[in-house]
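Text of model-v8.tsv (TSV, C-alpha atoms) as supplied:
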```
chain	number	residue	atom	x	y	z
A	145	MET	CA	0.00	0.00	0.00
A	146	GLU	CA	2.79	2.43	0.87
A	147	GLU	CA	4.36	2.05	-2.59
A	148	GLU	CA	1.11	3.20	-4.20
A	149	LYS	CA	1.26	6.62	-2.56
A	150	LYS	CA	2.61	9.28	-4.88
A	151	GLU	CA	4.52	12.27	-3.64
A	152	THR	CA	2.52	15.45	-4.03
A	153	GLY	CA	4.00	18.77	-4.92
A	154	PHE	CA	5.20	20.44	-8.06
A	155	VAL	CA	8.10	20.16	-10.45
A	156	ILE	CA	10.33	23.12	-11.23
A	157	LYS	CA	12.13	23.14	-14.56
A	158	ASP	CA	14.88	25.66	-15.14
A	159	ARG	CA	14.37	26.91	-18.69
A	160	ARG	CA	16.87	29.72	-18.56
A	161	HIS	CA	19.26	29.85	-21.48
A	162	PHE	CA	22.14	31.23	-19.39
A	163	ASP	CA	23.79	30.07	-16.18
A	164	GLU	CA	24.71	32.24	-13.17
A	165	SER	CA	27.92	33.44	-14.85
A	166	GLY	CA	26.12	34.49	-18.04
A	167	GLU	CA	27.40	31.60	-20.15
A	168	VAL	CA	25.06	29.77	-22.52
A	169	ARG	CA	23.81	26.61	-20.83
A	170	THR	CA	24.23	23.21	-22.43
A	171	GLU	CA	21.20	21.05	-23.24
A	172	GLU	CA	22.16	18.69	-20.41
A	173	ALA	CA	22.18	21.53	-17.88
A	174	LYS	CA	18.79	22.75	-19.11
A	175	THR	CA	17.16	19.36	-18.48
A	176	MET	CA	18.72	18.80	-15.05
A	177	PRO	CA	16.59	20.11	-12.20
A	178	PRO	CA	18.25	22.98	-10.34
A	179	PRO	CA	19.04	22.59	-6.65
A	180	ALA	CA	16.08	23.35	-4.38
A	181	ALA	CA	17.98	26.23	-2.77
A	182	GLU	CA	18.22	28.02	-6.14
A	183	THR	CA	14.57	27.59	-7.06
A	184	GLY	CA	13.00	28.23	-3.69
A	185	ALA	CA	11.19	24.89	-3.99
A	186	VAL	CA	9.11	23.84	-1.01
A	187	PRO	CA	9.43	20.23	0.15
A	188	PRO	CA	6.33	18.20	-0.79
A	189	ASP	CA	5.24	17.71	2.82
A	190	THR	CA	4.99	21.49	3.37
A	191	ALA	CA	3.64	22.43	-0.06
A	192	SER	CA	0.05	23.54	-0.21
A	193	GLU	CA	-2.07	24.62	-3.12
A	194	ALA	CA	-4.39	27.57	-3.08
A	195	PRO	CA	-8.01	26.56	-3.67
A	196	GLY	CA	-9.01	26.89	-7.29
A	197	ARG	CA	-5.46	27.26	-8.56
A	198	THR	CA	-4.09	24.83	-11.09
A	199	ASP	CA	-0.58	26.25	-11.41
A	200	ALA	CA	2.26	27.39	-9.20
A	201	ALA	CA	2.38	30.95	-7.96
A	202	PRO	CA	4.18	33.20	-10.42
A	203	ALA	CA	7.71	34.20	-9.59
A	204	SER	CA	8.48	37.88	-9.35
A	205	PRO	CA	10.05	39.41	-12.47
A	206	GLN	CA	13.33	39.85	-10.58
A	207	ASP	CA	13.65	36.08	-9.93
A	208	ALA	CA	14.46	35.04	-13.49
A	209	PRO	CA	14.97	37.81	-16.03
A	210	GLY	CA	13.71	36.88	-19.46
A	211	GLU	CA	11.77	33.86	-18.21
A	212	GLU	CA	8.11	33.76	-19.17
A	213	GLN	CA	5.79	34.08	-16.16
A	214	THR	CA	3.00	31.57	-15.51
A	215	TYR	CA	-0.34	33.05	-14.48
A	216	PRO	CA	-3.78	31.54	-13.94
A	217	ALA	CA	-5.87	31.12	-17.05
A	218	ILE	CA	-7.83	34.25	-17.83
A	219	ASP	CA	-11.55	33.98	-18.13
A	220	PHE	CA	-14.31	36.57	-18.02
A	221	GLN	CA	-14.79	36.32	-14.27
A	222	ASN	CA	-11.08	36.77	-13.52
A	223	PHE	CA	-10.99	39.69	-15.95
A	224	ILE	CA	-13.83	41.60	-14.30
A	225	LEU	CA	-12.45	40.80	-10.85
A	226	SER	CA	-9.15	42.29	-11.99
A	227	LEU	CA	-10.91	45.44	-13.15
A	228	SER	CA	-12.82	45.73	-9.88
A	229	THR	CA	-9.55	45.37	-7.95
A	230	THR	CA	-8.13	48.18	-10.06
A	231	ALA	CA	-11.09	50.36	-9.06
A	232	MET	CA	-10.51	49.52	-5.38
A	233	TYR	CA	-6.84	50.45	-5.81
A	234	HIS	CA	-7.94	53.84	-7.14
A	235	PHE	CA	-10.24	54.24	-4.12
A	236	GLY	CA	-7.08	53.97	-2.01
A	237	ASP	CA	-7.76	50.50	-0.59
A	238	PHE	CA	-4.31	49.16	-1.52
A	239	PRO	CA	-0.89	50.79	-1.29
A	240	ASP	CA	1.21	51.38	-4.39
A	241	PRO	CA	3.54	48.37	-4.63
A	242	THR	CA	6.57	50.51	-5.47
A	243	THR	CA	6.16	53.40	-3.04
A	244	GLY	CA	3.97	51.86	-0.34
A	245	GLU	CA	1.74	54.97	-0.39
A	246	THR	CA	-2.03	54.86	-0.73
A	247	ARG	CA	-3.59	57.46	-2.98
A	248	ARG	CA	-7.13	58.13	-4.07
A	249	ASN	CA	-7.89	58.83	-7.70
A	250	LEU	CA	-11.66	58.99	-8.02
A	251	SER	CA	-11.64	59.87	-11.72
A	252	ALA	CA	-9.60	56.73	-12.48
A	253	ALA	CA	-11.95	54.67	-10.28
A	254	LYS	CA	-14.95	56.08	-12.16
A	255	GLN	CA	-13.34	55.27	-15.49
A	256	THR	CA	-12.77	51.66	-14.42
A	257	ILE	CA	-16.37	51.39	-13.21
A	258	ASP	CA	-17.54	52.80	-16.55
A	259	ILE	CA	-15.45	50.16	-18.36
A	260	LEU	CA	-17.19	47.45	-16.33
A	261	GLY	CA	-20.55	49.01	-17.25
A	262	MET	CA	-19.58	49.05	-20.91
A	263	LEU	CA	-18.60	45.38	-20.70
A	264	ARG	CA	-21.97	44.57	-19.16
A	265	ASP	CA	-23.78	46.36	-21.99
A	266	LYS	CA	-21.65	44.83	-24.75
A	267	THR	CA	-21.88	41.27	-23.40
A	268	GLU	CA	-25.62	41.32	-22.70
A	269	GLY	CA	-27.17	37.99	-23.61
A	270	ASN	CA	-23.78	36.28	-23.93
A	271	LEU	CA	-22.89	35.72	-20.29
A	272	LYS	CA	-23.46	32.70	-18.08
A	273	ASP	CA	-25.70	33.32	-15.07
A	274	ALA	CA	-22.75	33.28	-12.64
A	275	GLU	CA	-20.81	35.79	-14.79
A	276	LYS	CA	-23.82	38.09	-15.07
A	277	GLN	CA	-24.50	37.98	-11.33
A	278	LEU	CA	-20.85	38.67	-10.51
A	279	LEU	CA	-20.69	41.61	-12.91
A	280	GLU	CA	-23.97	43.09	-11.67
A	281	GLY	CA	-22.91	42.70	-8.04
A	282	LEU	CA	-19.51	44.28	-8.65
A	283	LEU	CA	-21.03	47.19	-10.53
A	284	PHE	CA	-23.54	47.84	-7.75
A	285	GLU	CA	-20.90	47.71	-5.02
A	286	LEU	CA	-18.40	49.86	-6.90
A	287	ARG	CA	-21.00	52.47	-7.88
A	288	MET	CA	-22.22	52.75	-4.29
A	289	ARG	CA	-18.63	53.07	-3.13
A	290	TYR	CA	-17.99	55.81	-5.69
A	291	VAL	CA	-21.01	57.78	-4.47
A	292	LYS	CA	-19.83	57.42	-0.88
A	293	GLU	CA	-16.27	58.51	-1.76
A	294	LYS	CA	-17.57	61.54	-3.69
A	295	ARG	CA	-19.61	62.66	-0.68
A	296	THR	CA	-16.64	62.45	1.70
A	297	ARG	CA	-14.31	64.28	-0.62
```

What do you get writing this file as structure tokens?
Amino acid sequence: MEEEKKETGFVIKDRRHFDESGEVRTEEAKTMPPPAAETGAVPPDTASEAPGRTDAAPASPQDAPGEEQTYPAIDFQNFILSLSTTAMYHFGDFPDPTTGETRRNLSAAKQTIDILGMLRDKTEGNLKDAEKQLLEGLLFELRMRYVKEKRTR
């Protein structure tokens, strides 16, 4: 029974064309897995997956210059959630990742809300029920938030 258990976790493949010294890597070196210390790999017993995710978390751009990043598949729901997060950023809910400062930009928030409204109008009759409900709910919440922010300004 013990032999049937498979180790869980993920595999990291180093696809970089250059080694640490800047030399072109050989084909053999490209296929060999890098040491765990270089990749930041987590041992299988401590690895955990986020619910709903099918891929590993993307590395930051500084980790491997020139390496293509892996992101979750984009679908309509993820797209409108991304736009709503952008609106919340413009409301000042999140700090700027580079400066750490939070700023409000209500005109940018309004523009993002208007884009979501335009998407609702242009996709009418083409959305699944869950997509339509999500979009309607986000628009309602963001519009109410915009009105509230305008009053406190």

Distance in Å - atom CA of A:Ala231 versus atom CA of A:Arg247: 12.0 Å

If you measure from atom CA of A:Leu250 to atom CA of A:Glu280, what distance in Å do you get, rounded to one decimal? 20.4 Å

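Distance-wise, atom CA of A:Val291 and atom CA of A:Asp240 end up 23.1 Å apart.
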
Which residues, protein or nucleic acid, reach to within 12 Å of (-13.2, 35.9, -10.3) in the file's coordinates when using all atoms listed in the file, and can you give that as number ranges by chain? A: 196-197, 216-229, 274-279, 282

Which residue is closest to A:Leu260? Choose from A:Glu293, A:Val168, A:Asp163, A:Leu283 and count only C-alpha atoms. A:Leu283
